[in-house]
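Undergrad: Below is the file query-v7.csv, which contains CSV, C-alpha atoms and all ligand atoms.
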```csv
chain,number,residue,atom,x,y,z
Q,1,MET,CA,15.5,-31.1,-39.7
Q,2,THR,CA,15.4,-30.7,-43.5
Q,3,ASN,CA,17.2,-27.8,-45.0
Q,4,ASP,CA,14.9,-25.0,-46.0
Q,5,ARG,CA,16.3,-23.5,-49.2
Q,6,SER,CA,14.7,-20.0,-48.7
Q,7,VAL,CA,16.1,-19.8,-45.2
Q,8,THR,CA,19.5,-20.8,-46.5
Q,9,ARG,CA,19.3,-18.2,-49.2
Q,10,ARG,CA,18.2,-15.5,-46.7
Q,11,ASP,CA,21.0,-16.4,-44.3
Q,12,ALA,CA,23.5,-16.2,-47.1
Q,13,LEU,CA,22.2,-12.7,-48.1
Q,14,MET,CA,22.3,-11.5,-44.5
Q,15,LEU,CA,25.9,-12.7,-44.3
Q,16,ALA,CA,26.8,-11.1,-47.6
Q,17,GLY,CA,25.0,-7.7,-47.2
Q,18,GLY,CA,23.2,-7.6,-43.9
Q,19,ALA,CA,19.9,-5.7,-43.6
Q,20,ALA,CA,20.3,-3.8,-46.8
Q,21,ALA,CA,20.4,-7.1,-48.8
Q,22,LEU,CA,17.3,-8.3,-46.9
Q,23,GLY,CA,15.5,-5.1,-47.7
Q,24,ALA,CA,16.3,-5.5,-51.4
Q,25,LEU,CA,15.0,-9.1,-51.2
Q,26,GLY,CA,11.8,-7.9,-49.5
Q,27,SER,CA,11.2,-4.9,-51.8
Q,28,GLY,CA,9.2,-6.8,-54.3
Q,29,VAL,CA,7.0,-8.6,-51.7
Q,30,PRO,CA,3.6,-7.0,-50.9
Q,31,GLN,CA,3.5,-5.9,-47.2
Q,32,MET,CA,0.5,-6.5,-45.0
Q,33,ALA,CA,-0.6,-3.2,-43.5
Q,34,GLN,CA,-0.2,-3.2,-39.7
Q,35,ALA,CA,-2.9,-1.6,-37.6
Q,36,ALA,CA,-1.4,0.6,-35.0
Q,37,ALA,CA,-1.8,-0.9,-31.5
Q,38,PRO,CA,-4.3,1.0,-29.4
Q,39,MET,CA,-3.1,3.3,-26.6
Q,40,LEU,CA,-4.1,1.6,-23.3
Q,41,GLY,CA,-3.3,4.1,-20.6
Q,42,VAL,CA,-1.4,3.7,-17.4
Q,43,SER,CA,-1.3,0.2,-15.9
Q,44,ARG,CA,-0.4,-0.4,-12.3
Q,45,PRO,CA,0.6,-3.7,-10.6
Q,46,SER,CA,-2.1,-4.4,-8.1
Q,47,ILE,CA,-1.5,-7.8,-6.5
Q,48,TYR,CA,1.7,-9.1,-5.0
Q,49,ARG,CA,2.1,-12.2,-2.9
Q,50,PHE,CA,5.1,-13.3,-0.9
Q,51,LYS,CA,6.0,-15.8,1.8
Q,52,LEU,CA,6.9,-15.0,5.4
Q,53,GLY,CA,7.9,-18.3,7.0
Q,54,ALA,CA,4.8,-20.4,6.8
Q,55,PHE,CA,2.5,-17.4,6.2
Q,56,GLU,CA,1.5,-16.0,2.8
Q,57,VAL,CA,1.2,-12.3,2.6
Q,58,THR,CA,-0.7,-10.6,-0.2
Q,59,ASN,CA,-0.6,-6.9,-0.9
Q,60,ILE,CA,-3.5,-5.6,-2.9
Q,61,LEU,CA,-3.8,-2.1,-4.4
Q,62,ASP,CA,-7.2,-0.8,-3.3
Q,63,GLY,CA,-6.5,2.3,-5.4
Q,64,PHE,CA,-4.9,5.7,-5.4
Q,65,VAL,CA,-5.6,9.4,-5.2
Q,66,GLN,CA,-3.9,12.1,-7.2
Q,67,GLY,CA,-3.8,15.8,-6.2
Q,68,ASN,CA,-1.8,18.9,-5.5
Q,69,GLY,CA,1.2,18.3,-3.4
Q,70,PRO,CA,3.4,17.2,-1.7
Q,71,HIS,CA,3.0,20.6,0.1
Q,72,PRO,CA,1.0,21.4,2.2
Q,73,THR,CA,0.1,17.8,3.1
Q,74,PHE,CA,3.7,17.0,3.6
Q,75,GLY,CA,6.1,19.5,5.1
Q,76,ASN,CA,3.1,21.2,6.6
Q,77,ASN,CA,5.4,23.1,8.9
Q,78,GLN,CA,7.8,24.1,6.1
Q,79,PRO,CA,7.6,26.8,3.4
Q,80,ALA,CA,6.0,25.5,0.1
Q,81,GLU,CA,9.2,26.3,-1.9
Q,82,VAL,CA,11.4,24.2,0.4
Q,83,VAL,CA,9.2,21.2,0.0
Q,84,GLN,CA,8.8,21.7,-3.8
Q,85,GLU,CA,12.6,22.0,-4.2
Q,86,TYR,CA,13.1,18.9,-2.1
Q,87,ALA,CA,10.6,17.0,-4.2
Q,88,LYS,CA,12.5,18.1,-7.4
Q,89,SER,CA,15.8,17.1,-5.9
Q,90,GLN,CA,14.3,13.6,-5.3
Q,91,GLY,CA,13.1,13.3,-8.9
Q,92,LEU,CA,9.5,13.8,-7.9
Q,93,PRO,CA,7.0,16.4,-9.4
Q,94,PRO,CA,7.0,19.5,-7.2
Q,95,THR,CA,3.3,20.3,-7.3
Q,96,ARG,CA,1.5,17.0,-8.0
Q,97,ILE,CA,1.3,13.9,-6.0
Q,98,GLU,CA,-0.1,10.4,-6.1
Q,99,ASN,CA,-0.8,8.4,-3.0
Q,100,PRO,CA,-1.5,4.7,-3.1
Q,101,TYR,CA,-3.8,2.7,-0.8
Q,102,VAL,CA,-2.5,-0.8,-0.2
Q,103,ASN,CA,-4.2,-3.5,1.9
Q,104,THR,CA,-2.3,-6.4,3.3
Q,105,LEU,CA,-3.9,-9.9,3.6
Q,106,VAL,CA,-2.2,-12.5,5.7
Q,107,ASN,CA,-3.0,-16.2,5.4
Q,108,THR,CA,-1.6,-17.9,8.5
Q,109,GLY,CA,-2.7,-21.3,7.4
Q,110,LYS,CA,-5.4,-21.2,10.0
Q,111,GLU,CA,-6.9,-17.7,9.6
Q,112,LEU,CA,-7.2,-15.2,6.8
Q,113,VAL,CA,-6.5,-11.8,8.3
Q,114,LEU,CA,-7.2,-8.7,6.3
Q,115,PHE,CA,-5.5,-5.4,7.4
Q,116,ASP,CA,-7.9,-2.6,6.8
Q,117,ALA,CA,-11.0,-2.5,4.6
Q,118,GLY,CA,-9.9,0.1,2.0
Q,119,ASN,CA,-11.9,3.0,0.8
Q,120,GLY,CA,-15.1,1.3,-0.4
Q,121,LYS,CA,-16.5,2.1,-3.9
Q,122,ILE,CA,-18.3,5.3,-3.0
Q,123,ARG,CA,-15.4,7.6,-2.0
Q,124,MET,CA,-13.7,8.0,-5.3
Q,125,LYS,CA,-13.5,6.3,-8.8
Q,126,THR,CA,-9.8,5.5,-8.4
Q,127,ALA,CA,-10.2,3.4,-5.3
Q,128,GLY,CA,-12.4,0.7,-3.7
Q,129,HIS,CA,-11.0,-2.2,-5.8
Q,130,LEU,CA,-10.0,-4.3,-2.8
Q,131,PRO,CA,-12.9,-6.9,-2.8
Q,132,ASP,CA,-12.7,-7.4,-6.6
Q,133,LEU,CA,-8.9,-7.7,-6.6
Q,134,MET,CA,-9.0,-10.0,-3.6
Q,135,GLN,CA,-11.0,-12.5,-5.8
Q,136,THR,CA,-8.5,-12.0,-8.6
Q,137,ALA,CA,-5.8,-12.9,-6.1
Q,138,GLY,CA,-7.6,-16.1,-5.2
Q,139,TYR,CA,-9.6,-15.3,-2.1
Q,140,LYS,CA,-13.3,-14.7,-1.6
Q,141,PRO,CA,-14.4,-11.9,0.8
Q,142,ASP,CA,-16.4,-14.5,2.8
Q,143,GLN,CA,-13.2,-16.4,3.6
Q,144,VAL,CA,-11.8,-13.5,5.6
Q,145,ASP,CA,-11.9,-14.4,9.3
Q,146,ILE,CA,-10.6,-11.2,10.9
Q,147,VAL,CA,-10.5,-7.6,9.6
Q,148,VAL,CA,-7.9,-5.6,11.6
Q,149,ILE,CA,-8.6,-1.9,11.4
Q,150,THR,CA,-5.3,-0.2,12.1
Q,151,HIS,CA,-7.0,3.1,12.6
Q,152,ALA,CA,-10.4,4.5,11.6
Q,153,HIS,CA,-9.5,6.9,8.8
Q,154,PRO,CA,-11.7,6.7,5.7
Q,155,ASP,CA,-9.2,4.9,3.5
Q,156,HIS,CA,-8.9,2.2,6.1
Q,157,MET,CA,-12.5,1.6,7.1
Q,158,GLY,CA,-14.7,3.0,4.3
Q,159,GLY,CA,-15.0,-0.4,2.7
Q,160,LEU,CA,-16.4,-2.3,5.6
Q,161,ILE,CA,-20.1,-2.0,4.6
Q,162,ALA,CA,-21.4,-1.7,1.0
Q,163,ASP,CA,-25.1,-1.5,0.0
Q,164,GLY,CA,-26.0,-1.9,3.7
Q,165,LYS,CA,-24.2,-5.3,4.1
Q,166,PRO,CA,-20.8,-6.2,5.5
Q,167,VAL,CA,-18.4,-6.7,2.7
Q,168,TYR,CA,-16.7,-9.5,4.8
Q,169,PRO,CA,-19.7,-11.3,6.1
Q,170,ASN,CA,-18.0,-14.0,8.1
Q,171,ALA,CA,-15.4,-11.8,9.7
Q,172,ARG,CA,-14.9,-10.5,13.2
Q,173,TYR,CA,-13.1,-7.2,13.6
Q,174,VAL,CA,-10.3,-5.8,15.7
Q,175,ILE,CA,-9.4,-2.2,16.6
Q,176,CYS,CA,-7.5,-0.4,19.3
Q,177,ASP,CA,-9.8,0.5,22.2
Q,178,ARG,CA,-8.5,4.1,22.2
Q,179,GLU,CA,-9.3,4.5,18.4
Q,180,PHE,CA,-12.8,3.1,18.7
Q,181,ASP,CA,-13.6,5.3,21.7
Q,182,PHE,CA,-12.3,8.4,20.2
Q,183,TRP,CA,-14.4,8.1,17.1
Q,184,HIS,CA,-17.4,6.6,18.8
Q,185,LYS,CA,-17.7,9.2,21.5
Q,186,GLY,CA,-17.2,12.0,18.9
Q,187,GLU,CA,-15.8,14.5,21.3
Q,188,ASN,CA,-12.8,16.7,20.3
Q,189,ILE,CA,-13.1,15.7,16.7
Q,190,PRO,CA,-11.1,18.3,14.6
Q,191,ASP,CA,-13.4,20.2,12.1
Q,192,ALA,CA,-11.5,18.6,9.2
Q,193,ARG,CA,-12.3,15.2,10.6
Q,194,LYS,CA,-16.0,15.7,11.1
Q,195,PRO,CA,-16.9,13.8,7.8
Q,196,ASN,CA,-14.5,11.1,9.0
Q,197,ARG,CA,-16.6,10.8,12.1
Q,198,ASP,CA,-19.8,10.5,10.1
Q,199,LEU,CA,-18.2,7.7,8.0
Q,200,PHE,CA,-17.2,5.9,11.2
Q,201,MET,CA,-20.8,6.0,12.3
Q,202,GLN,CA,-21.9,4.5,9.0
Q,203,GLN,CA,-19.1,1.9,8.5
Q,204,VAL,CA,-17.9,0.9,12.0
Q,205,ALA,CA,-20.6,1.7,14.5
Q,206,PRO,CA,-23.1,-0.7,13.0
Q,207,LEU,CA,-20.6,-3.6,13.4
Q,208,ALA,CA,-19.7,-2.7,17.0
Q,209,GLU,CA,-20.9,-6.0,18.4
Q,210,LYS,CA,-18.5,-7.9,16.2
Q,211,PHE,CA,-15.5,-5.8,17.2
Q,212,THR,CA,-12.8,-6.8,19.7
Q,213,MET,CA,-11.1,-3.9,21.4
Q,214,ILE,CA,-7.3,-4.5,21.7
Q,215,LYS,CA,-4.3,-2.7,23.1
Q,216,ASP,CA,-0.5,-2.4,22.6
Q,217,GLY,CA,0.8,-5.9,23.0
Q,218,THR,CA,-2.4,-7.8,22.2
Q,219,ASP,CA,-2.1,-10.9,20.0
Q,220,VAL,CA,-4.7,-10.8,17.2
Q,221,VAL,CA,-3.8,-14.4,16.4
Q,222,ALA,CA,-0.7,-16.5,17.0
Q,223,GLY,CA,2.0,-14.6,15.1
Q,224,ILE,CA,0.3,-11.2,14.8
Q,225,ARG,CA,0.9,-8.8,17.7
Q,226,ALA,CA,-0.3,-5.2,18.1
Q,227,GLN,CA,2.2,-2.4,18.7
Q,228,ALA,CA,1.2,1.1,19.7
Q,229,ALA,CA,1.8,3.7,16.9
Q,230,PHE,CA,-0.2,6.6,18.2
Q,231,GLY,CA,0.0,10.1,16.7
Q,232,HIS,CA,-1.3,9.8,13.1
Q,233,SER,CA,-4.6,9.0,14.9
Q,234,PRO,CA,-5.3,8.6,18.6
Q,235,GLY,CA,-5.2,4.8,18.6
Q,236,MET,CA,-3.4,3.7,15.5
Q,237,LEU,CA,-1.7,0.3,15.9
Q,238,ALA,CA,1.1,-1.3,13.9
Q,239,PHE,CA,1.4,-5.1,13.8
Q,240,ARG,CA,4.3,-7.4,14.2
Q,241,ILE,CA,3.8,-10.4,12.0
Q,242,GLU,CA,6.0,-13.4,12.6
Q,243,SER,CA,6.3,-16.9,11.3
Q,244,GLU,CA,9.1,-19.5,11.7
Q,245,GLY,CA,11.4,-16.8,12.9
Q,246,GLN,CA,10.8,-14.4,10.0
Q,247,GLN,CA,9.3,-11.0,11.0
Q,248,LEU,CA,7.5,-8.3,9.2
Q,249,LEU,CA,6.0,-5.0,10.5
Q,250,ASN,CA,2.8,-3.7,9.1
Q,251,TRP,CA,3.3,0.0,10.2
Q,252,ALA,CA,-0.1,1.2,8.9
Q,253,ASP,CA,0.3,5.0,8.3
Q,254,THR,CA,3.4,5.5,10.3
Q,255,ALA,CA,4.8,6.9,7.0
Q,256,ASN,CA,2.4,8.3,4.4
Q,257,HIS,CA,5.0,8.9,1.7
Q,258,TYR,CA,8.1,6.9,1.0
Q,259,VAL,CA,10.3,10.1,0.5
Q,260,MET,CA,8.5,12.9,2.3
Q,261,SER,CA,7.8,10.9,5.5
Q,262,ILE,CA,10.9,8.7,5.7
Q,263,GLN,CA,13.6,11.0,4.5
Q,264,GLN,CA,12.1,14.0,6.4
Q,265,PRO,CA,10.5,12.4,9.4
Q,266,ASP,CA,10.3,15.7,11.3
Q,267,TRP,CA,8.2,17.3,8.6
Q,268,HIS,CA,4.7,17.6,9.8
Q,269,VAL,CA,2.0,15.8,7.8
Q,270,SER,CA,-1.5,17.4,7.6
Q,271,PHE,CA,-3.1,13.9,8.1
Q,272,ASP,CA,-1.4,13.5,11.4
Q,273,GLN,CA,-3.8,14.4,14.3
Q,274,ASP,CA,-1.0,14.8,16.9
Q,275,LYS,CA,1.8,16.0,14.7
Q,276,GLU,CA,4.6,15.7,17.3
Q,277,ALA,CA,3.5,12.3,18.5
Q,278,ALA,CA,3.5,11.2,14.8
Q,279,VAL,CA,7.0,12.5,14.4
Q,280,ALA,CA,8.1,10.6,17.5
Q,281,ASN,CA,6.4,7.4,16.3
Q,282,ARG,CA,8.1,7.7,12.9
Q,283,ARG,CA,11.6,8.1,14.4
Q,284,ARG,CA,11.0,5.3,17.0
Q,285,THR,CA,9.7,3.0,14.4
Q,286,PHE,CA,12.4,3.8,11.7
Q,287,ASP,CA,15.1,3.3,14.3
Q,288,MET,CA,13.7,0.0,15.3
Q,289,VAL,CA,13.2,-1.5,11.9
Q,290,SER,CA,16.5,-0.2,10.5
Q,291,ALA,CA,18.5,-1.4,13.5
Q,292,ASP,CA,16.8,-4.8,13.5
Q,293,LYS,CA,16.5,-5.0,9.7
Q,294,ILE,CA,12.8,-5.9,9.9
Q,295,PRO,CA,11.0,-5.6,6.6
Q,296,VAL,CA,7.9,-3.4,6.5
Q,297,VAL,CA,4.6,-3.3,4.7
Q,298,GLY,CA,2.9,0.1,4.7
Q,299,PHE,CA,-0.5,1.2,3.5
Q,300,HIS,CA,0.9,4.2,1.6
Q,301,MET,CA,4.2,2.8,0.5
Q,302,PRO,CA,4.7,2.5,-3.3
Q,303,PHE,CA,3.3,-0.8,-4.6
Q,304,PRO,CA,4.1,-3.6,-3.9
Q,305,SER,CA,4.6,-1.8,-0.6
Q,306,VAL,CA,7.1,-4.0,1.1
Q,307,GLY,CA,10.7,-3.0,1.8
Q,308,TRP,CA,13.2,-1.9,4.4
Q,309,VAL,CA,14.2,1.3,6.1
Q,310,GLU,CA,17.9,2.2,6.0
Q,311,LYS,CA,19.4,4.7,8.4
Q,312,THR,CA,21.3,7.5,6.6
Q,313,GLY,CA,23.1,9.7,9.1
Q,314,THR,CA,20.3,11.5,11.0
Q,315,SER,CA,17.6,10.4,8.5
Q,316,TYR,CA,16.4,7.3,6.7
Q,317,ARG,CA,15.4,6.0,3.3
Q,318,TRP,CA,13.0,3.5,1.9
Q,319,VAL,CA,14.6,0.4,0.2
Q,320,PRO,CA,12.0,-1.5,-1.8
Q,321,ALA,CA,12.1,-5.3,-1.7
Q,322,SER,CA,13.0,-7.1,-4.9
Q,323,TYR,CA,13.2,-10.9,-4.9
Q,324,GLN,CA,14.3,-11.5,-1.3
Q,325,PHE,CA,11.0,-13.1,-0.3
Q,326,ASN,CA,10.8,-15.3,-3.4
Q,327,LEU,CA,13.8,-17.5,-2.7
H,401,ZN,ZN,-4.2,6.1,5.4
```
Let me see the structure of the file written as structure tokens.
Ligand SMILES: [Zn+2]

TA:
Amino acid sequence: MTNDRSVTRRDALMLAGGAAALGALGSGVPQMAQAAAPMLGVSRPSIYRFKLGAFEVTNILDGFVQGNGPHPTFGNNQPAEVVQEYAKSQGLPPTRIENPYVNTLVNTGKELVLFDAGNGKIRMKTAGHLPDLMQTAGYKPDQVDIVVITHAHPDHMGGLIADGKPVYPNARYVICDREFDFWHKGENIPDARKPNRDLFMQQVAPLAEKFTMIKDGTDVVAGIRAQAAFGHSPGMLAFRIESEGQQLLNWADTANHYVMSIQQPDWHVSFDQDKEAAVANRRRTFDMVSADKIPVVGFHMPFPSVGWVEKTGTSYRWVPASYQFNL
């Protein structure tokens, strides 16, 4: 490389007088005006793919909701001040909350299995991005073979039908028989869940013939097995995903918040239909995944929504995955 005299001179000046000397050198040179970069707003990661044995697992951020909280949604059986103080002690805002919606797509090599359908575009502006982001992630909605509905709450089944057509036109569907029956019969629906029942009749009931009703222990496909997780809803299922000896639990809504539900598993959550059964499911699940060191994906865990649960005395904490799945 030929010696550039100006660089040589600049380097000599830097050595002699550092930045001040460079400033003096530059002072006689006209400067191009720099336009300020535009403010672009918050940006959230929304697609994350990792390997589990021979499977590929892709988490996709359908969206999020912001609102007042965590109390009374979390710590529903606690005084507001207790929950607010606890939020502050954990570095979280005491009176505002954001809750993500994260779908999990598993490519087994034979089938493309989508866990839950997201909110759909009509519920809120900040959610319903699943079908678009799925394409960004490299899949077309018509490639989905099976849509597993972990439970029939709006954020999990509101995106099954759009504009009168199934969003996943070639898919069959899977749900727990107890969950389907509860919403389909429509008896004993709590008042707060009546709009949920209406949405079920719009989104799930029209596809009933394509649904397979399953139970605790049913294999959806080879390597994906249902596991009862009742409480949050009458027939919510979690799913064990296993390939080449590697395991992952999709625990659906066993925990709805990575701090409030995991570190305070006994605190009631307003979304939980049977609150004590949901507490029991949390403790049973957290004990199992922490003892066996099974990684977890969860619909409301902070994106990319994969991590572990660590036992801490009588409680637990969420340990997000970093690069463990990439190696
Ligand atoms: Zn949910």

Undergrad: Just the residues within 8 Å of segment 270-280 of chain Q, please, counting all atoms listed in the file, with nothing from its chain fewer than 2 positions along; format it as a list of chain:residue names.

TA: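 The contact residues come out as Q:Pro72, Q:Thr73, Q:Phe74, Q:Asn76, Q:Ala229, Q:Phe230, Q:Gly231, Q:His232, Q:Ser233, Q:Pro234, Q:Thr254, Q:Pro265, Q:Asp266, Q:Trp267, Q:His268, Q:Arg282, Q:Arg283, Q:Arg284.
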
Undergrad: Can you spit out the residues from that selection as a compact mmCIF listing (two decimals), keeping the file's coordinate frame, using C-alpha atoms?

TA:
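As written to disk, part39.txt reads:
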```txt
# COMPACT_ATOMS: atom_id res chain seq x y z
CA PRO Q 72 1.00 21.40 2.20
CA THR Q 73 0.10 17.80 3.10
CA PHE Q 74 3.70 17.00 3.60
CA ASN Q 76 3.10 21.20 6.60
CA ALA Q 229 1.80 3.70 16.90
CA PHE Q 230 -0.20 6.60 18.20
CA GLY Q 231 0.00 10.10 16.70
CA HIS Q 232 -1.30 9.80 13.10
CA SER Q 233 -4.60 9.00 14.90
CA PRO Q 234 -5.30 8.60 18.60
CA THR Q 254 3.40 5.50 10.30
CA PRO Q 265 10.50 12.40 9.40
CA ASP Q 266 10.30 15.70 11.30
CA TRP Q 267 8.20 17.30 8.60
CA HIS Q 268 4.70 17.60 9.80
CA ARG Q 282 8.10 7.70 12.90
CA ARG Q 283 11.60 8.10 14.40
CA ARG Q 284 11.00 5.30 17.00
```

Undergrad: For atom CA of Phe115 of chain Q and atom CA of Gln247 of chain Q, quote the distance in Å rounded to one decimal.

TA: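 Pair atom CA of Phe115 of chain Q / atom CA of Gln247 of chain Q returns 16.2 Å.
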
Undergrad: What does the structure give for the distance between atom CA of Pro302 of chain Q and atom CA of Asn99 of chain Q, in Å to one decimal?

TA: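 Taking atom CA of Pro302 of chain Q as the start and atom CA of Asn99 of chain Q as the end point, the length is 8.1 Å.
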
Undergrad: Select the residues contacting ligand ZN 401 (chain H) at a distance of at most 7 Å, based on all atoms listed in the file, then format the selection as an mmCIF file with C-alpha atoms, in the coordinates of the input.

TA:
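Below is the file that was written, selection-v6.cif:
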```
data_model
loop_
_atom_site.group_PDB
_atom_site.id
_atom_site.type_symbol
_atom_site.label_atom_id
_atom_site.label_comp_id
_atom_site.auth_asym_id
_atom_site.auth_seq_id
_atom_site.Cartn_x
_atom_site.Cartn_y
_atom_site.Cartn_z
ATOM 1 C CA HIS Q 153 -9.500 6.900 8.800
ATOM 2 C CA ASP Q 155 -9.200 4.900 3.500
ATOM 3 C CA HIS Q 156 -8.900 2.200 6.100
ATOM 4 C CA ASP Q 253 0.300 5.000 8.300
ATOM 5 C CA PHE Q 299 -0.500 1.200 3.500
ATOM 6 C CA HIS Q 300 0.900 4.200 1.600
#
```

Undergrad: Have a look at atom CA of Ser315 of chain Q and atom CA of Pro100 of chain Q and let me know their distance in Å, one decimal.

TA: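 Separation between atom CA of Ser315 of chain Q and atom CA of Pro100 of chain Q: 23.1 Å.
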
Undergrad: Between Q:Thr104, Q:Thr126, Q:Gln34, Q:Thr150, which is the closest to Gly235 of chain Q once you count all atoms listed in the file?

TA: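 Looking at the shortest contact to Gly235 of chain Q, the residue is Q:Thr150.
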
Undergrad: Out of Q:Arg49, Q:Lys293, Q:Lys215, Q:His184, which residue has the shortest atom-to-atom distance to Gln202 of chain Q when counting all atoms listed in the file?

TA: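 The shortest atom-to-atom distance to Gln202 of chain Q comes from Q:His184.
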
Undergrad: Go through Q:Pro304, Q:Pro79, Q:Gly186, Q:Pro295 one by one, measure the shortest atom-to-atom distance of each to Arg44 of chain Q using only C-alpha atoms, and give the residue with the smallest value.

TA: Q:Pro304

Undergrad: Of the candidates Q:Ala162, Q:Cys176, Q:Val42, Q:Ala36, which shows the shortest atom-to-atom distance to Ile214 of chain Q, using only C-alpha atoms?

TA: Q:Cys176

Undergrad: Give me, as a VMD selection string, all polymer residues having an atom no more than 12 Å from His71 of chain Q, counting all atoms listed in the file and skipping those fewer than 5 positions away in the same chain.

TA: chain Q and resid 76 to 87 93 to 97 257 260 267 to 270

Undergrad: Which residue is closest to Ala228 of chain Q? Choose from Q:Phe64, Q:Phe211, Q:Trp251, Q:Trp308 and count only C-alpha atoms.

TA: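 Of all the options, Q:Trp251 lies closest to Ala228 of chain Q.
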
Undergrad: Since the input lacks atoms, please generate N, CA and C atoms for segment 82-95 of chain Q and provide them as a PDB file, keeping the file's coordinate frame.

TA:
```pdb
ATOM      1  N   VAL Q  82      10.403  25.188  -0.096  1.00  0.00           N
ATOM      2  CA  VAL Q  82      11.400  24.200   0.400  1.00  0.00           C
ATOM      3  C   VAL Q  82      10.945  22.803   0.077  1.00  0.00           C
ATOM      4  N   VAL Q  83       9.668  22.519   0.244  1.00  0.00           N
ATOM      5  CA  VAL Q  83       9.200  21.200   0.000  1.00  0.00           C
ATOM      6  C   VAL Q  83       9.188  20.901  -1.535  1.00  0.00           C
ATOM      7  N   GLN Q  84       8.837  21.918  -2.324  1.00  0.00           N
ATOM      8  CA  GLN Q  84       8.800  21.700  -3.800  1.00  0.00           C
ATOM      9  C   GLN Q  84      10.252  21.487  -4.315  1.00  0.00           C
ATOM     10  N   GLU Q  85      11.203  22.241  -3.795  1.00  0.00           N
ATOM     11  CA  GLU Q  85      12.600  22.000  -4.200  1.00  0.00           C
ATOM     12  C   GLU Q  85      13.081  20.659  -3.800  1.00  0.00           C
ATOM     13  N   TYR Q  86      12.688  20.246  -2.601  1.00  0.00           N
ATOM     14  CA  TYR Q  86      13.100  18.900  -2.100  1.00  0.00           C
ATOM     15  C   TYR Q  86      12.514  17.828  -3.011  1.00  0.00           C
ATOM     16  N   ALA Q  87      11.247  17.985  -3.357  1.00  0.00           N
ATOM     17  CA  ALA Q  87      10.600  17.000  -4.200  1.00  0.00           C
ATOM     18  C   ALA Q  87      11.387  16.896  -5.550  1.00  0.00           C
ATOM     19  N   LYS Q  88      11.712  18.062  -6.130  1.00  0.00           N
ATOM     20  CA  LYS Q  88      12.500  18.100  -7.400  1.00  0.00           C
ATOM     21  C   LYS Q  88      13.805  17.371  -7.238  1.00  0.00           C
ATOM     22  N   SER Q  89      14.474  17.663  -6.118  1.00  0.00           N
ATOM     23  CA  SER Q  89      15.800  17.100  -5.900  1.00  0.00           C
ATOM     24  C   SER Q  89      15.725  15.555  -5.782  1.00  0.00           C
ATOM     25  N   GLN Q  90      14.533  15.039  -5.471  1.00  0.00           N
ATOM     26  CA  GLN Q  90      14.300  13.600  -5.300  1.00  0.00           C
ATOM     27  C   GLN Q  90      13.716  12.981  -6.580  1.00  0.00           C
ATOM     28  N   GLY Q  91      13.639  13.788  -7.655  1.00  0.00           N
ATOM     29  CA  GLY Q  91      13.100  13.300  -8.900  1.00  0.00           C
ATOM     30  C   GLY Q  91      11.573  13.159  -8.888  1.00  0.00           C
ATOM     31  N   LEU Q  92      10.921  13.901  -7.996  1.00  0.00           N
ATOM     32  CA  LEU Q  92       9.500  13.800  -7.900  1.00  0.00           C
ATOM     33  C   LEU Q  92       8.859  15.152  -8.393  1.00  0.00           C
ATOM     34  N   PRO Q  93       7.639  15.103  -8.949  1.00  0.00           N
ATOM     35  CA  PRO Q  93       7.000  16.400  -9.400  1.00  0.00           C
ATOM     36  C   PRO Q  93       6.828  17.289  -8.180  1.00  0.00           C
ATOM     37  N   PRO Q  94       7.089  18.585  -8.353  1.00  0.00           N
ATOM     38  CA  PRO Q  94       7.000  19.500  -7.200  1.00  0.00           C
ATOM     39  C   PRO Q  94       5.618  19.856  -6.757  1.00  0.00           C
ATOM     40  N   THR Q  95       4.635  19.772  -7.673  1.00  0.00           N
ATOM     41  CA  THR Q  95       3.300  20.300  -7.300  1.00  0.00           C
ATOM     42  C   THR Q  95       2.176  19.271  -7.533  1.00  0.00           C
TER      43      THR Q  95
END
```
